[in-house]
Amino acid sequence: MLTVSEALSAVMATVQHGPVVEISLTDALGQVLAESVVSDVDSPPFDKALMDGYALRATDVGGRFELEVIEEVTAGRLPTRTVGPGQATRIMTGAPIPAGADAVVPVEDTDFQSNDETSLYGRVTIRKSIKCVSGQFILKQGAAVQRGAQVMAAGRVLRAQEIAALAELGYARVRVVRRPRIAILATGDELVPVSEIPGPGQIRNSNEPMLAAQVQQAGAEAVCLGVAKDERTVLGERIRTGLKSDFLLLSGGVSAGKLDLVPSELAAAGVQQVFHKIQMKPGKPLWFGMLPPAEGCSPCYVFGLPGNPVSSMVCCELFVRAAIRQWSGLEPVIPAPRTARLGHSILVSNNRPTYHPARFDWAAEGPIVSIVDWIGSSDLCATVDANCMVCFPAGDHEWKAGEMLEIILW
Ligand code: AMP
Ligand code: MG
């Protein structure tokens, strides 16, 4: 049986990078960048004023306090006159600095007289207490980004700030990794759709909406295929439909029960097993494999997730999420777990590493984690109160309040 980290390595070694598509920047939120973004302009593209005020020669301030205003430049306009000694140009934030000027004095530090008939724009007096240094309130051309500089590398999720930077650099369209399409197929004779009232011995198919939500949270597109009964013909048929997607997630039917038909039906459909069963709790029966690419068809990566809802959820969070990140080229594929201080003592007795639903909060002494009441892998409602899982290594151990443990946020 593989360890969790061996299984993650196997997933990463199997899943190939997804295809790249070009989309409009307006559709790019949450997508993964697939190109290196290089600036073809300086930012800012010209020396620009950072204040509304007067562009002038810094050496004039302190000596000559009254200056002739020779021009007014607002943002979007170009200066036409060079600022000489004893002169200033009235300037607005974002406007280009005129030649000759090397500083801006904010309007609040000046007094303006407009009734001076010798000057078209009047005269301005710089207040005596004001100091002025060369370069003040000017953002030099290329100070933020120089033409030719790489602004971001491939492999990051596009958030509002990346989208703004792409917009500034003129990327009206951007190359991203296509979101993977993930088919979800629940298996089990006992399952009824969520909208139905379960009859005797039946339960609702909660795994389908759960897995759909999880893969969407991880940046994929969910394709729900409903429920396949534990019967070879229907199961085989639905598996073949699912294999047309980039990924197929099955839930249930991967343990050792009489009707656990999933591994054999996957094999019959040509899916090659990479691993079956891992040293973890919950989630031990996890199955992973791949339908190799054939002519005209891309590969399909297949996870047989355990039917128990929390097992399915934990396996999806650990392994399916890693597979989606690998497909998308997201770096790092496995984000480093956080650590938090245990908020209470607890005696843990496990023969396998255990992922326990827990609550992570900020306390005065730093991040703190407390496990939630949980009766095992079918206890879905416990996960509603949880916002992380805490990882207990295998073995019998009495954990003391204050000890540090790894957690994975949910
Ligand atoms: P299995 O892995 O098929 O042996 O199922 C293990 C447990 O999970 C059983 O109690 C099933 O009834 C339950 N289960 C299986 N599939 C689902 C599902 N889609 N939604 C909720 N519970 C499920
Ligand atoms: Mg079953």
# chains A, B, ... in the order shown; residues from 1 in each chain; ligands from 1

call {"tool": "select_by_dssp", "arguments": {"residues": "segment 6-82 of chain A", "states": "strand (DSSP E or B)", "output": "JSON, numbers by chain"}}
result
{"A": [20, 21, 22, 23, 24, 32, 33, 37, 38, 43, 48, 49, 53, 54, 55, 56, 66, 67, 68, 69, 70, 71, 72, 73]}

call {"tool": "residues_around", "arguments": {"residues": "segment 129-139 of chain A", "least_positions_apart": "5", "cutoff": "7 Å", "atoms": "only C-alpha atoms", "output": "compact mmCIF listing (two decimals) with N, CA, C and O atoms, in the first residue's frame"}}
result
# COMPACT_ATOMS: atom_id res chain seq x y z
N ASP A 47 7.57 60.13 -17.67
CA ASP A 47 7.72 60.68 -16.31
C ASP A 47 6.39 61.36 -15.98
O ASP A 47 5.93 62.22 -16.73
N LYS A 48 5.78 60.97 -14.87
CA LYS A 48 4.45 61.55 -14.63
C LYS A 48 4.32 62.17 -13.25
O LYS A 48 5.02 61.76 -12.30
N ALA A 49 3.41 63.14 -13.17
CA ALA A 49 3.18 63.84 -11.91
C ALA A 49 2.37 62.97 -10.97
O ALA A 49 1.42 62.31 -11.40
N LEU A 50 2.78 62.98 -9.69
CA LEU A 50 2.05 62.20 -8.69
C LEU A 50 1.14 63.08 -7.84
O LEU A 50 0.49 62.58 -6.92
N MET A 51 1.15 64.36 -8.13
CA MET A 51 0.33 65.31 -7.37
C MET A 51 -0.24 66.36 -8.31
O MET A 51 0.38 66.69 -9.32
N ALA A 58 13.71 72.26 -9.10
CA ALA A 58 13.85 72.18 -7.64
C ALA A 58 14.76 73.28 -7.11
O ALA A 58 14.54 73.81 -6.02
N VAL A 61 13.27 76.63 -5.88
CA VAL A 61 12.54 76.73 -4.61
C VAL A 61 13.56 77.01 -3.50
O VAL A 61 14.58 76.35 -3.41
N ASP A 102 12.05 69.30 -12.82
CA ASP A 102 12.54 68.06 -12.20
C ASP A 102 11.86 67.79 -10.85
O ASP A 102 12.31 66.94 -10.10
N ALA A 103 10.79 68.54 -10.55
CA ALA A 103 10.08 68.30 -9.29
C ALA A 103 8.67 68.86 -9.42
O ALA A 103 8.39 69.70 -10.29
N VAL A 104 7.79 68.35 -8.54
CA VAL A 104 6.42 68.90 -8.47
C VAL A 104 6.19 69.36 -7.05
O VAL A 104 6.51 68.65 -6.09
N ASP A 109 0.81 73.62 -1.23
CA ASP A 109 1.98 74.35 -0.71
C ASP A 109 2.23 75.64 -1.49
O ASP A 109 3.34 76.20 -1.46

call {"tool": "atom_distance", "arguments": {"atom1": "atom CA of Lys128 of chain A", "atom2": "atom CA of Ser114 of chain A"}}
result
19.6 Å

call {"tool": "closest_atom_pairs", "arguments": {"of": "chain A", "to": "ligand 1", "cutoff": "10 Å", "atoms": "only C-alpha atoms and all ligand atoms", "output": "CSV"}}
result
residue,atom,partner,partner_atom_place_in_ligand_line,distance
A:Ile184,CA,ligand 1,19 (N),9.8
A:Leu185,CA,ligand 1,19 (N),8.3
A:Ala186,CA,ligand 1,19 (N),4.8
A:Thr187,CA,ligand 1,16 (N),6.0
A:Gly188,CA,ligand 1,16 (N),5.8
A:Asp189,CA,ligand 1,12 (O),8.5
A:Glu190,CA,ligand 1,12 (O),6.2
A:Leu191,CA,ligand 1,18 (C),6.4
A:Val192,CA,ligand 1,19 (N),8.7
A:Pro193,CA,ligand 1,19 (N),9.2
A:Val194,CA,ligand 1,20 (N),9.4
A:Gly201,CA,ligand 1,12 (O),9.1
A:Gln202,CA,ligand 1,12 (O),7.8
A:Ile203,CA,ligand 1,21 (C),6.7
A:Arg204,CA,ligand 1,20 (N),6.0
A:Asn205,CA,ligand 1,20 (N),3.8
A:Ser206,CA,ligand 1,20 (N),4.1
A:Asn207,CA,ligand 1,19 (N),4.1
A:Glu208,CA,ligand 1,19 (N),5.8
A:Pro209,CA,ligand 1,19 (N),8.9
A:Met210,CA,ligand 1,20 (N),8.8
A:Leu211,CA,ligand 1,19 (N),9.4
A:Gly226,CA,ligand 1,19 (N),9.0
A:Val227,CA,ligand 1,19 (N),7.6
A:Ala228,CA,ligand 1,19 (N),9.8
A:Asp230,CA,ligand 1,3 (O),8.8
A:Leu250,CA,ligand 1,19 (N),8.9
A:Ser251,CA,ligand 1,16 (N),5.7
A:Gly252,CA,ligand 1,3 (O),3.4
A:Gly253,CA,ligand 1,3 (O),3.9
A:Val254,CA,ligand 1,2 (O),5.8
A:Ser255,CA,ligand 1,2 (O),5.8
A:Ala256,CA,ligand 1,4 (O),7.8
A:Gly257,CA,ligand 1,4 (O),6.5
A:Lys258,CA,ligand 1,4 (O),9.3
A:Leu259,CA,ligand 1,3 (O),7.9
A:Asp260,CA,ligand 1,3 (O),6.5
A:Leu261,CA,ligand 1,3 (O),9.2
A:Val262,CA,ligand 1,3 (O),9.2
A:Gly283,CA,ligand 1,2 (O),9.7
A:Pro285,CA,ligand 1,2 (O),8.0
A:Leu286,CA,ligand 1,2 (O),9.5
A:Gly304,CA,ligand 1,2 (O),9.2
A:Leu305,CA,ligand 1,2 (O),7.6
A:Pro306,CA,ligand 1,2 (O),4.5
A:Gly307,CA,ligand 1,2 (O),3.4
A:Asn308,CA,ligand 1,8 (O),3.4
A:Pro309,CA,ligand 1,22 (N),5.5
A:Val310,CA,ligand 1,8 (O),9.0
A:Ser311,CA,ligand 1,8 (O),8.6
A:Ser312,CA,ligand 1,8 (O),8.7
A:Ser377,CA,ligand 1,8 (O),8.4
A:Ser378,CA,ligand 1,8 (O),6.7
A:Leu380,CA,ligand 1,21 (C),9.1

call {"tool": "residues_around", "arguments": {"residues": "segment 330-335 of chain A", "least_positions_apart": "3", "cutoff": "9 Å", "atoms": "only C-alpha atoms", "output": "list in words"}}
result
Leu8, Met12, Val32, Leu33, Ala154, Gly155, Arg156, Val157, Leu318, Arg321, Ala322, Ala323, Ile324, Arg325, Gln326 and Trp327 of chain A
